[in-house]
Each structure stands twice: as structure tokens, then as C-alpha cells.
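Only one structure is covered here, and it is reproduced in the block below.
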Amino acid sequence: LWMADALRLLLPTREGLFVDVGVNLGQTLVKVKDLEPERPYLGFEPNPACVASTERMITALRLRDCRIVPAGLSTETGIVELAMISDSETAPDGSIIRGFRSNEQVVGRKKVVVFGFDDLPPDLFAPRVAFVKIDVEGAELEVLQTLKPIIDRDRPIILLEVLPCYSADKTERVSRQEQTETLLHERGYRLKRVLKRNNRLKELTPIDHIGIHSDLTMCDYVAEPAP
């Protein structure tokens, strides 16, 4: 519910393409199209089971101007492993970051395709990009690095999930989080944390740093370019 609230607040501020990195089963797609049926949508999803389900939904609901790329985004094109911590083929918990999930957590693995920016068809991002949503279970740094040309060109509003570091001794997670913040700050972006109450949007609170925490209700952010 909080995502629908956030989109209701943000969508009217920008015209242009909505880019959804981590489509899963099209949850964000449905919310965008419910609010603005004519808004062009481009989604990236590496899990073939999720792609098939989302494509069926698009057809069933007769959604217009939707494109789904059956691949993830990363700094280099290739075939990588998607580590799953749920038995469901379409669960949203798969990560392509090696070691992001402990071996004890992982219950399934599958090979998936990822694309670097230079290997994507140039017409994909021909329209002005107004929004980028990133929900990729730890791979947000690679997605932001891949989309730097689009971020610099169009200055989209970015909605992203950054899962908690939990503690300072999780050095790899801390480093990746700091690199993510640095990339955004260097491009003149300001972070706001999504605060929720009963899964509804309470407010967007400006923050200087994400910090180290363990609260899964505080891992969603909006990054906006400074005026």
C-alpha cells in the first residue's frame, strides 16, 4: 500500500518513461497503470518464471505501452546465478550478488541473463526517463552504475530498496551501501527514507546517510535530484 501512496504523490510531478528494475510479478506495474494508464513502462526481470507470469497479466488486463526485458541489469553482460531463499519459483527474494545470501539460506539456484548498458538496444531509453524503481535484493549498486548514462541525462526520481546491513561487521554490505550513497550524492541526489504506518506511507524524511540498522520497515528510499 505504501508504494501506491508514494506513486500517487510522485507520478504527477514528472512526465516520461517509468523504468522498473526487478519486476517480479508486476506489482509496481499494476500500481503505475492503475494511476496513469498511458504512462509508458519498461521493466527488467531476470527470472523467466516471473516474466512469463507478468506477460500473461499484461495480456489479461490489456495494459498498454508496456515492455518487459527478460533480463537483469548489471555492469557487464553475461549469465549469472540467481540465488533463491524460497521454494517458490516466482518469490521476490532472489539475488544475483555472490555471497549476499548465506549458503544456509539458499534453497535454489538458477542461471539468468544480465545486460550491461552498452549491450542494450539504444531505443529502449529513447523516451525521457522520469522514474526508476530498483528492487533487486542487494544488486542496486550495479543497477545504478549501469544506468549512470540515463541518470545523468534525464535526472529521474529513483525509488529503491536497500536492505539493512544489520551490523558494522557485515563489511561487504556496509561497503556496497556506502558506494550506493556516494554514487547518488556525487550526482546531486538527495535521499529520503520512506516511513510507514500500517504499511501506508507516513512521510518521506530527508536523511544524510542510510546508516547501519536492522529494521526491514526502513529499507525503502526515494532519491531526488537537487534543483
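Here's how to read the names in the C-alpha cells: chain A, B, ... by the order shown, residue numbers from 1 in each chain, ligand numbers from 1 in the order shown.
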### Query
Which neighbours of Arg67 of chain A fall inside 10 Å, counting only C-alpha atoms, when residues of the same chain fewer than 2 positions from it are skipped, and could you give them as a count of residues only?
13
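The protein and nucleic acid residues lying at most 9 Å from Glu45 of chain A are Asp20, Val21, Gly22, Val23, Asn24, Val51, Ile68, Val69, Pro70, Ala71, Gly72 and Leu73 of chain A, with only C-alpha atoms considered and sequence neighbours fewer than 6 positions away removed.
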Each segment 49-100 of chain A residue no farther than 10 Å from segment 133-137 of chain A, nearest pair in Å, only C-alpha atoms, as a tab-separated table:
```
residue	atom	partner	partner_atom	distance
A:Gly72	CA	A:Val136	CA	8.9
A:Leu73	CA	A:Val136	CA	9.5
A:Pro92	CA	A:Glu137	CA	8.2
A:Asp93	CA	A:Glu137	CA	6.4
A:Gly94	CA	A:Glu137	CA	6.6
A:Ser95	CA	A:Glu137	CA	5.2
A:Ile96	CA	A:Glu137	CA	8.0
A:Ile97	CA	A:Glu137	CA	8.2
A:Phe100	CA	A:Glu137	CA	8.4
```
For the residues selected in the previous step, produce a file with all heavy atoms as an mmCIF file, in the first residue's frame.
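Contents of out.cif, as written:
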```cif
data_model
loop_
_atom_site.group_PDB
_atom_site.id
_atom_site.type_symbol
_atom_site.label_atom_id
_atom_site.label_comp_id
_atom_site.auth_asym_id
_atom_site.auth_seq_id
_atom_site.Cartn_x
_atom_site.Cartn_y
_atom_site.Cartn_z
ATOM 1 N N GLY A 72 18.206 -9.080 -16.274
ATOM 2 C CA GLY A 72 18.530 -8.101 -15.258
ATOM 3 C C GLY A 72 19.509 -7.072 -15.801
ATOM 4 O O GLY A 72 19.942 -7.151 -16.947
ATOM 5 N N LEU A 73 19.845 -6.106 -14.977
ATOM 6 C CA LEU A 73 20.846 -5.105 -15.330
ATOM 7 C C LEU A 73 22.060 -5.281 -14.429
ATOM 8 O O LEU A 73 21.937 -5.464 -13.222
ATOM 9 C CB LEU A 73 20.297 -3.691 -15.149
ATOM 10 C CG LEU A 73 19.200 -3.237 -16.117
ATOM 11 C CD1 LEU A 73 18.767 -1.814 -15.788
ATOM 12 C CD2 LEU A 73 19.674 -3.320 -17.559
ATOM 13 N N PRO A 92 10.143 -13.024 -4.612
ATOM 14 C CA PRO A 92 10.912 -11.823 -4.906
ATOM 15 C C PRO A 92 12.242 -11.735 -4.177
ATOM 16 O O PRO A 92 12.828 -10.663 -4.086
ATOM 17 C CB PRO A 92 9.974 -10.711 -4.419
ATOM 18 C CG PRO A 92 9.261 -11.318 -3.262
ATOM 19 C CD PRO A 92 9.072 -12.773 -3.624
ATOM 20 N N ASP A 93 12.762 -12.884 -3.672
ATOM 21 C CA ASP A 93 13.932 -12.835 -2.805
ATOM 22 C C ASP A 93 15.223 -13.254 -3.489
ATOM 23 O O ASP A 93 16.261 -13.375 -2.845
ATOM 24 C CB ASP A 93 13.707 -13.703 -1.557
ATOM 25 C CG ASP A 93 13.286 -15.135 -1.921
ATOM 26 O OD1 ASP A 93 13.739 -15.649 -2.957
ATOM 27 O OD2 ASP A 93 12.483 -15.722 -1.168
ATOM 28 N N GLY A 94 15.205 -13.496 -4.797
ATOM 29 C CA GLY A 94 16.403 -13.945 -5.490
ATOM 30 C C GLY A 94 17.433 -12.833 -5.637
ATOM 31 O O GLY A 94 17.103 -11.696 -5.955
ATOM 32 N N SER A 95 18.702 -13.175 -5.410
ATOM 33 C CA SER A 95 19.785 -12.189 -5.540
ATOM 34 C C SER A 95 20.863 -12.714 -6.484
ATOM 35 O O SER A 95 21.210 -13.898 -6.455
ATOM 36 C CB SER A 95 20.409 -11.889 -4.175
ATOM 37 O OG SER A 95 21.474 -10.957 -4.308
ATOM 38 N N ILE A 96 21.399 -11.814 -7.306
ATOM 39 C CA ILE A 96 22.497 -12.187 -8.205
ATOM 40 C C ILE A 96 23.858 -11.826 -7.613
ATOM 41 O O ILE A 96 24.888 -12.066 -8.237
ATOM 42 C CB ILE A 96 22.345 -11.526 -9.597
ATOM 43 C CG1 ILE A 96 22.443 -10.003 -9.486
ATOM 44 C CG2 ILE A 96 21.056 -11.963 -10.277
ATOM 45 C CD1 ILE A 96 22.530 -9.300 -10.831
ATOM 46 N N ILE A 97 23.871 -11.252 -6.409
ATOM 47 C CA ILE A 97 25.130 -10.865 -5.782
ATOM 48 C C ILE A 97 25.708 -12.062 -5.026
ATOM 49 O O ILE A 97 25.101 -12.564 -4.084
ATOM 50 C CB ILE A 97 24.926 -9.669 -4.832
ATOM 51 C CG1 ILE A 97 24.394 -8.468 -5.606
ATOM 52 C CG2 ILE A 97 26.218 -9.318 -4.120
ATOM 53 C CD1 ILE A 97 25.274 -8.001 -6.754
ATOM 54 N N PHE A 100 25.603 -12.679 -1.089
ATOM 55 C CA PHE A 100 24.632 -11.808 -0.412
ATOM 56 C C PHE A 100 23.730 -12.627 0.496
ATOM 57 O O PHE A 100 23.332 -12.180 1.576
ATOM 58 C CB PHE A 100 23.805 -11.042 -1.450
ATOM 59 C CG PHE A 100 22.955 -9.953 -0.864
ATOM 60 C CD1 PHE A 100 23.515 -8.744 -0.467
ATOM 61 C CD2 PHE A 100 21.590 -10.123 -0.706
ATOM 62 C CE1 PHE A 100 22.738 -7.742 0.088
ATOM 63 C CE2 PHE A 100 20.802 -9.122 -0.154
ATOM 64 C CZ PHE A 100 21.382 -7.926 0.240
#
```
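Neighbours of Gly99 of chain A closer than or equal to 12 Å, with only C-alpha atoms counted and sequence neighbours fewer than 2 positions away skipped, come out as Glu81, Leu82, Ala83, Met84, Gly94, Ser95, Ile96, Ile97, Arg101, Ser102, Asn103, Glu104, Gln105, Val106, Glu137, Gly138, Ala139, Lys170, Glu172 and Arg173 of chain A.
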### Task
List every residue of segment 26-151 of chain A that DSSP, applied to the backbone, labels as strand (DSSP E), and write the result as a PyMOL selection string.
chain A and resi 41-44+66-69+72-73+78-84+108-115+129-134
### Query
Near segment 180-196 of chain A, counting only C-alpha atoms, which residues have an atom at most 8 Å away, once you skip same-chain residues fewer than 3 positions from it, shown as JSON, numbers by chain?
{"A": [2, 140, 141, 144, 145, 152, 176, 177, 199, 200, 201, 202, 203, 204, 205, 206, 207, 208, 209, 210, 217, 218, 219, 220, 221, 222, 223, 224, 225, 226]}
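The space separating atom CA of Leu61 of chain A from atom CA of Ala4 of chain A comes to 18.2 Å.
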### Task
Considering only C-alpha atoms, state which residue in the set A:Thr77, A:Thr171, A:Thr90, A:Cys66 is at the smallest distance from Ala52 of chain A.
A:Thr90
For Arg153 of chain A, list every protein, DNA or RNA residue within 9 Å, evaluated using only C-alpha atoms, and leave out those in the same chain fewer than 4 positions away; present the list as a compact mmCIF listing (two decimals) with N, CA and C atoms, in the first residue's frame.
```
# COMPACT_ATOMS: atom_id res chain seq x y z
N ARG A 128 12.28 10.14 -22.64
CA ARG A 128 12.83 10.68 -21.39
C ARG A 128 12.43 9.77 -20.23
N VAL A 129 13.39 9.41 -19.40
CA VAL A 129 13.12 8.57 -18.23
C VAL A 129 12.76 9.47 -17.06
N LYS A 148 23.99 4.87 -15.07
CA LYS A 148 24.57 6.21 -14.92
C LYS A 148 24.34 7.11 -16.13
N PRO A 149 24.47 6.60 -17.37
CA PRO A 149 24.20 7.48 -18.52
C PRO A 149 22.78 8.04 -18.53
```
### Message
With DSSP run on the backbone, what are the helix (DSSP H, G or I) residues within segment 37-198 of chain A? I'd like them as a VMD selection string.
### Response
chain A and resid 48 to 61 117 to 119 122 to 125 140 to 146 148 to 154 171 to 186
